[in-house]
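The next block is query.cif, given as mmCIF, C-alpha atoms.
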```cif
data_coords
loop_
_atom_site.group_PDB
_atom_site.id
_atom_site.type_symbol
_atom_site.label_atom_id
_atom_site.label_comp_id
_atom_site.auth_asym_id
_atom_site.auth_seq_id
_atom_site.Cartn_x
_atom_site.Cartn_y
_atom_site.Cartn_z
ATOM 1 C CA MET O 1 3.808 -4.512 29.097
ATOM 2 C CA ALA O 2 5.328 -2.951 26.029
ATOM 3 C CA LYS O 3 9.026 -3.183 25.258
ATOM 4 C CA THR O 4 11.231 -0.149 25.540
ATOM 5 C CA LYS O 5 11.397 1.838 22.317
ATOM 6 C CA LYS O 6 14.111 4.244 21.329
ATOM 7 C CA ILE O 7 14.370 6.571 18.347
ATOM 8 C CA PRO O 8 16.984 4.987 16.003
ATOM 9 C CA ASN O 9 20.422 6.625 15.994
ATOM 10 C CA LEU O 10 20.121 6.919 12.233
ATOM 11 C CA CYS O 11 17.055 9.108 12.625
ATOM 12 C CA ASN O 12 17.288 12.885 13.020
ATOM 13 C CA TYR O 13 14.752 15.634 13.572
ATOM 14 C CA ALA O 14 13.150 16.051 10.140
ATOM 15 C CA MET O 15 11.897 19.380 8.813
ATOM 16 C CA PHE O 16 8.449 18.231 7.638
ATOM 17 C CA CYS O 17 5.202 20.069 8.379
ATOM 18 C CA ALA O 18 3.272 19.213 11.539
ATOM 19 C CA GLY O 19 1.318 15.973 11.161
ATOM 20 C CA CYS O 20 2.958 14.972 7.857
ATOM 21 C CA GLY O 21 3.310 11.217 7.339
ATOM 22 C CA HIS O 22 6.862 11.526 5.979
ATOM 23 C CA GLY O 23 8.299 11.654 9.506
ATOM 24 C CA VAL O 24 6.864 8.254 10.428
ATOM 25 C CA LEU O 25 8.152 6.695 7.202
ATOM 26 C CA VAL O 26 11.661 8.064 7.786
ATOM 27 C CA ARG O 27 11.656 6.590 11.288
ATOM 28 C CA LEU O 28 10.423 3.206 10.008
ATOM 29 C CA ILE O 29 13.162 3.106 7.349
ATOM 30 C CA CYS O 30 15.775 3.892 10.030
ATOM 31 C CA GLU O 31 14.351 1.231 12.366
ATOM 32 C CA CYS O 32 14.419 -1.414 9.598
ATOM 33 C CA LEU O 33 17.987 -0.538 8.578
ATOM 34 C CA GLU O 34 19.167 -0.746 12.191
ATOM 35 C CA GLU O 35 17.370 -4.038 12.804
ATOM 36 C CA LEU O 36 19.010 -5.457 9.675
ATOM 37 C CA GLY O 37 22.412 -4.158 10.827
ATOM 38 C CA GLN O 38 22.816 -2.121 7.634
ATOM 39 C CA GLU O 39 22.842 1.398 9.062
ATOM 40 C CA LYS O 40 26.423 2.031 7.917
ATOM 41 C CA ASN O 41 26.015 0.288 4.587
ATOM 42 C CA VAL O 42 23.321 2.367 2.925
ATOM 43 C CA ILE O 43 23.063 5.014 0.206
ATOM 44 C CA ALA O 44 19.819 6.812 -0.586
ATOM 45 C CA ALA O 45 18.855 8.665 -3.759
ATOM 46 C CA ILE O 46 16.344 11.339 -2.901
ATOM 47 C CA GLY O 47 13.810 12.981 -5.142
ATOM 48 C CA VAL O 48 12.832 16.633 -5.348
ATOM 49 C CA GLY O 49 9.979 18.038 -3.293
ATOM 50 C CA CYS O 50 9.103 17.290 0.314
ATOM 51 C CA SER O 51 11.193 14.126 0.036
ATOM 52 C CA CYS O 52 14.280 16.429 -0.028
ATOM 53 C CA HIS O 53 13.777 16.790 3.708
ATOM 54 C CA LEU O 54 15.101 13.253 4.114
ATOM 55 C CA LYS O 55 18.439 15.094 4.189
ATOM 56 C CA SER O 56 17.555 16.427 7.617
ATOM 57 C CA GLY O 57 15.863 13.204 8.757
ATOM 58 C CA ILE O 58 18.494 10.520 8.271
ATOM 59 C CA ASN O 59 22.219 10.179 9.011
ATOM 60 C CA CYS O 60 23.361 8.225 5.968
ATOM 61 C CA ASP O 61 24.954 8.848 2.584
ATOM 62 C CA LEU O 62 22.552 10.609 0.244
ATOM 63 C CA VAL O 63 22.527 11.684 -3.381
ATOM 64 C CA GLN O 64 20.190 14.484 -4.372
ATOM 65 C CA SER O 65 18.753 13.453 -7.733
ATOM 66 C CA PRO O 66 17.339 15.724 -10.427
ATOM 67 C CA HIS O 67 13.550 15.923 -10.327
ATOM 68 C CA GLY O 68 12.053 12.466 -10.851
ATOM 69 C CA ARG O 69 15.322 10.737 -11.653
ATOM 70 C CA ALA O 70 16.003 9.068 -8.307
ATOM 71 C CA ALA O 71 15.448 5.543 -9.683
ATOM 72 C CA ALA O 72 18.005 6.199 -12.448
ATOM 73 C CA VAL O 73 20.491 7.636 -9.931
ATOM 74 C CA ALA O 74 19.921 4.606 -7.665
ATOM 75 C CA THR O 75 20.599 2.340 -10.652
ATOM 76 C CA GLY O 76 23.955 4.053 -11.122
ATOM 77 C CA ILE O 77 24.775 3.705 -7.422
ATOM 78 C CA ARG O 78 23.819 0.025 -7.550
ATOM 79 C CA ARG O 79 26.161 -0.616 -10.513
ATOM 80 C CA ALA O 80 29.043 1.155 -8.747
ATOM 81 C CA GLU O 81 28.395 -0.278 -5.267
ATOM 82 C CA PRO O 82 26.937 -3.779 -5.628
ATOM 83 C CA ASP O 83 27.066 -4.557 -1.903
ATOM 84 C CA LYS O 84 25.401 -1.433 -0.512
ATOM 85 C CA ILE O 85 21.745 -1.087 0.404
ATOM 86 C CA VAL O 86 20.380 1.387 -2.147
ATOM 87 C CA PHE O 87 16.972 2.980 -1.879
ATOM 88 C CA THR O 88 15.153 5.944 -3.345
ATOM 89 C CA TYR O 89 12.914 8.210 -1.339
ATOM 90 C CA GLN O 90 10.421 10.103 -3.466
ATOM 91 C CA GLY O 91 7.019 11.724 -3.479
ATOM 92 C CA ASP O 92 4.194 10.847 -5.831
ATOM 93 C CA GLY O 93 4.764 13.910 -8.003
ATOM 94 C CA ASP O 94 8.434 13.043 -8.310
ATOM 95 C CA ALA O 95 8.176 9.287 -8.894
ATOM 96 C CA TYR O 96 4.854 9.048 -10.766
ATOM 97 C CA ASN O 97 4.579 12.264 -12.758
ATOM 98 C CA ILE O 98 7.941 13.759 -13.540
ATOM 99 C CA GLY O 99 9.952 10.566 -13.086
ATOM 100 C CA LEU O 100 7.448 8.048 -14.417
ATOM 101 C CA ALA O 101 9.863 6.851 -17.107
ATOM 102 C CA GLU O 102 12.690 6.291 -14.628
ATOM 103 C CA THR O 103 10.441 4.577 -12.079
ATOM 104 C CA LEU O 104 8.943 2.214 -14.663
ATOM 105 C CA ASN O 105 12.224 1.534 -16.467
ATOM 106 C CA ALA O 106 13.948 0.586 -13.211
ATOM 107 C CA ALA O 107 11.040 -1.762 -12.470
ATOM 108 C CA TYR O 108 11.134 -3.146 -16.007
ATOM 109 C CA ARG O 109 14.852 -3.941 -15.700
ATOM 110 C CA ASN O 110 14.213 -5.406 -12.208
ATOM 111 C CA GLU O 111 17.057 -3.355 -10.763
ATOM 112 C CA ASN O 112 18.066 -4.523 -7.299
ATOM 113 C CA ILE O 113 16.918 -1.333 -5.521
ATOM 114 C CA CYS O 114 14.112 -0.312 -3.164
ATOM 115 C CA VAL O 115 11.813 2.533 -4.165
ATOM 116 C CA PHE O 116 9.811 4.250 -1.430
ATOM 117 C CA THR O 117 7.220 6.731 -2.621
ATOM 118 C CA VAL O 118 4.993 8.847 -0.438
ATOM 119 C CA ASN O 119 1.612 9.381 -2.060
ATOM 120 C CA ASN O 120 -0.189 12.393 -0.628
ATOM 121 C CA GLY O 121 -2.169 13.234 -3.745
ATOM 122 C CA ASN O 122 -0.488 16.486 -4.707
ATOM 123 C CA PHE O 123 2.794 18.301 -5.312
ATOM 124 C CA GLY O 124 3.335 19.229 -1.678
ATOM 125 C CA MET O 125 6.379 21.463 -1.587
ATOM 126 C CA THR O 126 5.407 23.699 -4.489
ATOM 127 C CA GLY O 127 2.038 24.568 -2.975
ATOM 128 C CA GLY O 128 -0.325 21.646 -3.539
ATOM 129 C CA GLN O 129 -0.747 21.471 -7.305
ATOM 130 C CA MET O 130 -2.720 18.631 -8.864
ATOM 131 C CA ALA O 131 -0.786 15.412 -9.465
ATOM 132 C CA TRP O 132 -1.804 12.214 -11.265
ATOM 133 C CA THR O 133 -2.616 10.767 -7.870
ATOM 134 C CA THR O 134 -5.077 13.545 -6.939
ATOM 135 C CA MET O 135 -8.533 12.150 -6.161
ATOM 136 C CA PRO O 136 -11.499 12.943 -8.467
ATOM 137 C CA GLY O 137 -13.132 16.186 -7.381
ATOM 138 C CA GLN O 138 -10.262 17.135 -5.075
ATOM 139 C CA LYS O 139 -9.552 20.856 -4.999
ATOM 140 C CA THR O 140 -5.913 21.788 -5.443
ATOM 141 C CA ALA O 141 -4.008 24.923 -6.435
ATOM 142 C CA THR O 142 -4.314 23.976 -10.129
ATOM 143 C CA SER O 143 -7.771 22.387 -9.956
ATOM 144 C CA PRO O 144 -9.682 24.994 -7.951
ATOM 145 C CA ARG O 145 -13.076 23.565 -8.980
ATOM 146 C CA GLY O 146 -12.014 20.010 -8.152
ATOM 147 C CA ARG O 147 -10.205 17.517 -10.378
ATOM 148 C CA ASN O 148 -12.165 16.737 -13.530
ATOM 149 C CA ILE O 149 -11.253 13.151 -14.406
ATOM 150 C CA GLU O 150 -12.828 13.384 -17.854
ATOM 151 C CA LEU O 151 -10.308 16.066 -18.701
ATOM 152 C CA THR O 152 -7.286 14.907 -16.704
ATOM 153 C CA GLY O 153 -7.616 11.118 -16.436
ATOM 154 C CA ILE O 154 -8.149 8.917 -13.435
ATOM 155 C CA PRO O 155 -5.723 8.719 -10.478
ATOM 156 C CA ILE O 156 -2.748 6.527 -11.345
ATOM 157 C CA LYS O 157 -1.923 3.316 -9.471
ATOM 158 C CA ILE O 158 1.728 2.513 -10.089
ATOM 159 C CA PRO O 159 2.133 -0.430 -7.650
ATOM 160 C CA GLU O 160 -0.644 -2.328 -9.440
ATOM 161 C CA LEU O 161 0.850 -1.436 -12.838
ATOM 162 C CA VAL O 162 4.346 -2.552 -11.816
ATOM 163 C CA SER O 163 3.234 -5.774 -10.133
ATOM 164 C CA TYR O 164 0.988 -6.921 -12.982
ATOM 165 C CA SER O 165 3.149 -5.788 -15.896
ATOM 166 C CA PHE O 166 6.706 -6.574 -14.827
ATOM 167 C CA LYS O 167 8.537 -9.125 -12.675
ATOM 168 C CA PRO O 168 9.591 -7.147 -9.583
ATOM 169 C CA ALA O 169 10.653 -8.827 -6.335
ATOM 170 C CA TYR O 170 8.223 -7.101 -4.015
ATOM 171 C CA VAL O 171 5.452 -4.508 -4.363
ATOM 172 C CA ALA O 172 3.215 -3.229 -1.584
ATOM 173 C CA ARG O 173 1.152 -0.246 -0.552
ATOM 174 C CA GLY O 174 0.926 0.784 3.087
ATOM 175 C CA ALA O 175 -0.414 3.792 4.923
ATOM 176 C CA VAL O 176 0.633 6.101 7.717
ATOM 177 C CA THR O 177 -2.675 6.171 9.538
ATOM 178 C CA THR O 178 -3.500 3.979 12.534
ATOM 179 C CA PRO O 179 -0.855 2.284 14.727
ATOM 180 C CA ALA O 180 -1.839 -1.086 13.197
ATOM 181 C CA GLU O 181 -1.308 0.189 9.641
ATOM 182 C CA ILE O 182 2.027 1.733 10.620
ATOM 183 C CA LYS O 183 3.195 -1.626 12.019
ATOM 184 C CA ARG O 184 2.053 -3.366 8.827
ATOM 185 C CA LEU O 185 3.943 -0.761 6.786
ATOM 186 C CA LYS O 186 7.109 -1.539 8.731
ATOM 187 C CA GLY O 187 6.722 -5.166 7.660
ATOM 188 C CA TYR O 188 6.486 -4.057 4.016
ATOM 189 C CA ILE O 189 9.632 -1.934 4.332
ATOM 190 C CA MET O 190 11.477 -4.796 6.007
ATOM 191 C CA ASN O 191 10.459 -7.144 3.179
ATOM 192 C CA ALA O 192 11.659 -4.641 0.580
ATOM 193 C CA PHE O 193 15.098 -4.346 2.211
ATOM 194 C CA GLN O 194 15.388 -8.119 2.705
ATOM 195 C CA ALA O 195 14.486 -8.680 -0.950
ATOM 196 C CA GLN O 196 17.319 -6.361 -1.919
ATOM 197 C CA MET O 197 19.802 -8.014 0.465
ATOM 198 C CA ASN O 198 18.934 -11.406 -1.079
ATOM 199 C CA LYS O 199 19.440 -9.867 -4.547
ATOM 200 C CA GLU O 200 15.870 -10.691 -5.553
ATOM 201 C CA GLY O 201 15.421 -7.455 -7.501
ATOM 202 C CA TYR O 202 13.251 -4.364 -7.586
ATOM 203 C CA SER O 203 10.912 -3.552 -4.740
ATOM 204 C CA LEU O 204 8.392 -0.725 -4.537
ATOM 205 C CA VAL O 205 6.579 0.379 -1.406
ATOM 206 C CA GLU O 206 4.021 3.139 -1.820
ATOM 207 C CA VAL O 207 3.000 4.911 1.352
ATOM 208 C CA MET O 208 -0.334 6.688 1.568
ATOM 209 C CA SER O 209 0.093 9.811 3.633
ATOM 210 C CA THR O 210 -1.719 13.003 4.518
ATOM 211 C CA CYS O 211 -0.640 16.493 3.499
ATOM 212 C CA PRO O 212 -2.377 18.620 6.150
ATOM 213 C CA THR O 213 -0.800 21.869 4.936
ATOM 214 C CA ASN O 214 -1.920 21.633 1.318
ATOM 215 C CA TRP O 215 -5.196 19.860 2.006
ATOM 216 C CA GLY O 216 -5.956 22.784 4.322
ATOM 217 C CA MET O 217 -6.912 20.485 7.163
ATOM 218 C CA ASP O 218 -6.045 19.750 10.759
ATOM 219 C CA PRO O 219 -3.756 16.648 10.856
ATOM 220 C CA ILE O 220 -6.461 14.541 12.510
ATOM 221 C CA VAL O 221 -9.160 15.616 10.022
ATOM 222 C CA ALA O 222 -6.692 14.982 7.185
ATOM 223 C CA GLN O 223 -6.090 11.476 8.493
ATOM 224 C CA LYS O 224 -9.843 10.877 8.642
ATOM 225 C CA ARG O 225 -10.124 11.977 5.011
ATOM 226 C CA LEU O 226 -7.250 9.685 4.036
ATOM 227 C CA ILE O 227 -8.922 6.687 5.676
ATOM 228 C CA GLU O 228 -12.461 7.384 4.468
ATOM 229 C CA ASP O 229 -11.989 8.907 1.014
ATOM 230 C CA VAL O 230 -8.551 8.046 -0.366
ATOM 231 C CA ILE O 231 -7.624 4.559 0.896
ATOM 232 C CA PRO O 232 -10.836 2.938 -0.479
ATOM 233 C CA TYR O 233 -9.518 3.894 -3.946
ATOM 234 C CA TYR O 234 -5.851 3.069 -3.273
ATOM 235 C CA GLU O 235 -6.213 -0.439 -1.894
ATOM 236 C CA LEU O 236 -3.615 -1.353 0.739
ATOM 237 C CA GLY O 237 -1.646 -4.593 0.842
ATOM 238 C CA GLU O 238 1.025 -6.613 -0.894
ATOM 239 C CA PHE O 239 0.587 -6.806 -4.676
ATOM 240 C CA LYS O 240 3.645 -8.921 -5.320
ATOM 241 C CA LYS O 241 4.987 -11.048 -2.501
ATOM 242 C CA ARG O 242 8.554 -12.254 -2.393
ATOM 243 C CA GLY O 243 9.156 -15.571 -4.106
ATOM 244 C CA GLU O 244 5.846 -15.573 -6.001
ATOM 245 C CA MET L 1 6.622 -0.591 34.310
ATOM 246 C CA ALA L 2 7.376 1.013 30.977
ATOM 247 C CA LYS L 3 6.466 4.655 30.567
ATOM 248 C CA ALA L 4 6.659 7.169 27.752
ATOM 249 C CA LYS L 5 9.334 9.858 27.957
ATOM 250 C CA THR L 6 8.942 13.044 25.927
ATOM 251 C CA ASP L 7 11.348 15.407 24.233
ATOM 252 C CA VAL L 8 9.027 18.362 23.679
ATOM 253 C CA GLU L 9 11.673 20.314 21.763
ATOM 254 C CA ARG L 10 10.877 17.990 18.828
ATOM 255 C CA CYS L 11 7.098 18.476 19.111
ATOM 256 C CA LYS L 12 5.168 20.220 16.297
ATOM 257 C CA ALA L 13 1.779 20.133 18.046
ATOM 258 C CA CYS L 14 0.079 18.005 15.373
ATOM 259 C CA GLY L 15 -2.027 16.294 18.062
ATOM 260 C CA LEU L 16 -1.835 12.781 16.548
ATOM 261 C CA CYS L 17 -0.522 11.336 19.827
ATOM 262 C CA MET L 18 -3.413 12.831 21.777
ATOM 263 C CA HIS L 19 -5.877 11.511 19.206
ATOM 264 C CA ASN L 20 -4.462 7.964 19.400
ATOM 265 C CA CYS L 21 -3.700 7.701 23.147
ATOM 266 C CA LYS L 22 -6.213 5.236 24.591
ATOM 267 C CA LYS L 23 -5.649 6.450 28.145
ATOM 268 C CA GLY L 24 -5.960 10.175 27.523
ATOM 269 C CA ALA L 25 -2.544 10.693 29.076
ATOM 270 C CA LEU L 26 -1.589 13.524 26.723
ATOM 271 C CA THR L 27 -2.776 17.113 26.645
ATOM 272 C CA MET L 28 -1.761 20.176 24.631
ATOM 273 C CA THR L 29 -0.186 23.005 26.592
ATOM 274 C CA ASP L 30 0.454 26.659 25.759
ATOM 275 C CA HIS L 31 4.178 26.176 26.316
ATOM 276 C CA ILE L 32 6.092 27.163 23.174
ATOM 277 C CA ASN L 33 9.268 25.240 22.363
ATOM 278 C CA SER L 34 12.429 26.652 20.793
ATOM 279 C CA ARG L 35 11.083 25.971 17.277
ATOM 280 C CA GLY L 36 7.946 27.994 17.965
ATOM 281 C CA TYR L 37 5.428 25.161 18.317
ATOM 282 C CA LYS L 38 3.065 24.451 21.174
ATOM 283 C CA THR L 39 3.938 21.238 22.981
ATOM 284 C CA ILE L 40 2.175 18.267 24.537
ATOM 285 C CA LEU L 41 2.258 17.302 28.190
ATOM 286 C CA LEU L 42 2.403 13.668 29.362
ATOM 287 C CA ASP L 43 0.656 12.554 32.540
ATOM 288 C CA GLU L 44 3.024 9.841 33.760
ATOM 289 C CA GLU L 45 0.522 8.499 36.267
ATOM 290 C CA THR L 46 -1.993 7.681 33.531
ATOM 291 C CA CYS L 47 0.553 6.406 30.979
ATOM 292 C CA ILE L 48 0.783 2.613 30.650
ATOM 293 C CA GLY L 49 3.749 2.612 28.246
ATOM 294 C CA CYS L 50 1.843 0.951 25.401
ATOM 295 C CA GLY L 51 4.007 2.710 22.789
ATOM 296 C CA ILE L 52 1.196 3.946 20.538
ATOM 297 C CA CYS L 53 2.437 7.543 20.840
ATOM 298 C CA TYR L 54 5.910 6.385 19.760
ATOM 299 C CA THR L 55 4.384 4.625 16.744
ATOM 300 C CA VAL L 56 2.224 7.488 15.465
ATOM 301 C CA CYS L 57 4.466 10.476 16.266
ATOM 302 C CA PRO L 58 6.040 11.796 13.035
ATOM 303 C CA ASP L 59 8.688 13.772 14.919
ATOM 304 C CA GLY L 60 10.197 11.325 17.392
ATOM 305 C CA VAL L 61 8.972 13.116 20.508
ATOM 306 C CA PHE L 62 8.442 9.877 22.436
ATOM 307 C CA GLU L 63 10.592 7.090 23.738
ATOM 308 C CA ILE L 64 9.351 4.216 25.877
ATOM 309 C CA VAL L 65 11.596 3.560 28.868
ATOM 310 C CA GLU L 66 11.477 1.208 31.847
#
```
Please go through the file and, once you have read it, give me the structure as structure tokens.
Amino acid sequence: MAKTKKIPNLCNYAMFCAGCGHGVLVRLICECLEELGQEKNVIAAIGVGCSCHLKSGINCDLVQSPHGRAAAVATGIRRAEPDKIVFTYQGDGDAYNIGLAETLNAAYRNENICVFTVNNGNFGMTGGQMAWTTMPGQKTATSPRGRNIELTGIPIKIPELVSYSFKPAYVARGAVTTPAEIKRLKGYIMNAFQAQMNKEGYSLVEVMSTCPTNWGMDPIVAQKRLIEDVIPYYELGEFKKRGE
Amino acid sequence: MAKAKTDVERCKACGLCMHNCKKGALTMTDHINSRGYKTILLDEETCIGCGICYTVCPDGVFEIVE
């Protein structure tokens, strides 16, 4: 039967809302770091928003970055500490809206860092305002009649942009939905960390997640919406494999 | 045989474990934990220790033990 499974020592009780996908991602990051034997050799730069709660979820060195600037802060950490594992933990509003310049510039320079972004289609902590990743027609606090894409543009796909425009080491998009997808996502995270340990360069893993609180849905209904309505637009998989 | 073990003090009653459990070994109770959430209850007889609850739980409620 199944192997024994234990919550990683690196992983704490995180203060996310009930049913939020962040908690699973934090656990997967901790599991990967422990399996790679790097749990005491890691520094994270965290974004502003729900991703701030990584502070409660992980027992490692952290730097709280200004809003959107986690990739720039991680670049600084990388220059000062060349042998540490450095990753950023951000939301879509932080990495793709406010910190778009930092995220893209770090990718452009092929900095040897890992960027993990959680895409839940809105600015979660501030009350569910529309982000660039909000789906067409989706009602949010700042698009009460549904997002009008003729006025506000179409939802942005940064992993595709980064993988086709620059020369990063590894780019993938996973999802916190079914057990199979969660296991696949762990593989993506592992690849991102291994790419960094081999000094291959920049890696980006986007994680599609629900936001039950701001979507106004039960966690299970929110997950159904994510699978049926959102993931068909945000295709899952590896966009840039290592060594390609 | 491996079985799930729960720490209900971490539970936030999201129900994802119940939704994903293939054996129906989990139910929601009216017990309120110290953080003010309802908690789940595991039926150890029905549990086969597959680890799906461990995989999907965002809050680390489950561990799989021998």
Query raised in the report: Residues at most 9 Å from Ile158 in chain O, counting only C-alpha atoms, excluding those fewer than 2 positions away in the same chain, as a ChimeraX atom specification?
Result: /O:96,104,156,160-163,206
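Using all atoms listed in the file, the residues found no farther than 9 Å from Glu63 in chain L, other than those of its own chain fewer than 3 positions away, are O:Thr4, O:Lys5, O:Lys6, O:Ile7, L:Lys3, L:Ala4, L:Lys5, L:Thr6, L:Asp7, L:Gly51, L:Cys53, L:Tyr54, L:Gly60.
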Deliver the residues from the most recent selection as a file, using C-alpha atoms, as a compact mmCIF listing (two decimals), in the coordinates of the input.
```txt
# COMPACT_ATOMS: atom_id res chain seq x y z
CA THR O 4 11.23 -0.15 25.54
CA LYS O 5 11.40 1.84 22.32
CA LYS O 6 14.11 4.24 21.33
CA ILE O 7 14.37 6.57 18.35
CA LYS L 3 6.47 4.66 30.57
CA ALA L 4 6.66 7.17 27.75
CA LYS L 5 9.33 9.86 27.96
CA THR L 6 8.94 13.04 25.93
CA ASP L 7 11.35 15.41 24.23
CA GLY L 51 4.01 2.71 22.79
CA CYS L 53 2.44 7.54 20.84
CA TYR L 54 5.91 6.38 19.76
CA GLY L 60 10.20 11.32 17.39
```
Query raised in the report: What do you get, as JSON, numbers by chain, if you spell out every residue that the PyMOL selection byres ((chain O) within 8 of (chain L)) selects here?
Result: {"O": [1, 2, 3, 4, 5, 6, 7, 13, 14, 17, 18, 19, 20, 21, 22, 23, 24, 27, 177, 178, 179, 182, 183, 218, 219, 220]}
Report task. Report as JSON, numbers by chain the full result of the PyMOL selection byres ((chain O and resi 135-140) around 8) when it is applied to this structure. Result -> {"O": [121, 122, 128, 129, 130, 133, 134, 141, 142, 143, 144, 145, 146, 147, 148, 149, 154, 155, 214, 215, 230]}
Restricted to C-alpha atoms, what would the selected residues look like written as a CSV table (one decimal), in the coordinates of the input?
```
chain,number,residue,atom,x,y,z
O,121,GLY,CA,-2.2,13.2,-3.7
O,122,ASN,CA,-0.5,16.5,-4.7
O,128,GLY,CA,-0.3,21.6,-3.5
O,129,GLN,CA,-0.7,21.5,-7.3
O,130,MET,CA,-2.7,18.6,-8.9
O,133,THR,CA,-2.6,10.8,-7.9
O,134,THR,CA,-5.1,13.5,-6.9
O,141,ALA,CA,-4.0,24.9,-6.4
O,142,THR,CA,-4.3,24.0,-10.1
O,143,SER,CA,-7.8,22.4,-10.0
O,144,PRO,CA,-9.7,25.0,-8.0
O,145,ARG,CA,-13.1,23.6,-9.0
O,146,GLY,CA,-12.0,20.0,-8.2
O,147,ARG,CA,-10.2,17.5,-10.4
O,148,ASN,CA,-12.2,16.7,-13.5
O,149,ILE,CA,-11.3,13.2,-14.4
O,154,ILE,CA,-8.1,8.9,-13.4
O,155,PRO,CA,-5.7,8.7,-10.5
O,214,ASN,CA,-1.9,21.6,1.3
O,215,TRP,CA,-5.2,19.9,2.0
O,230,VAL,CA,-8.6,8.0,-0.4
```
Requested in this report: Find, counting only C-alpha atoms, the residue in O:Ala107, O:Val118, O:Ile77, O:Ala180 that gets nearest to Val26 in chain O.
Outcome: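 Among the listed residues, the smallest separation from Val26 in chain O belongs to O:Val118.
Taking CA of Phe239 in chain O as the reference point, CA of Ile29 in chain O is found at 20.0 Å.
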Report task. Report as an NGL selection string the full result of the PyMOL selection byres ((chain O and resi 111) around 12) when it is applied to this structure. Result -> :O and (71-79 or 82 or 86-87 or 102-110 or 112-115 or 166-170 or 195-196 or 199-204)
Query - Between CA of Val221 in chain O and CA of Phe116 in chain O - distance in Å to one decimal - result: 24.9 Å
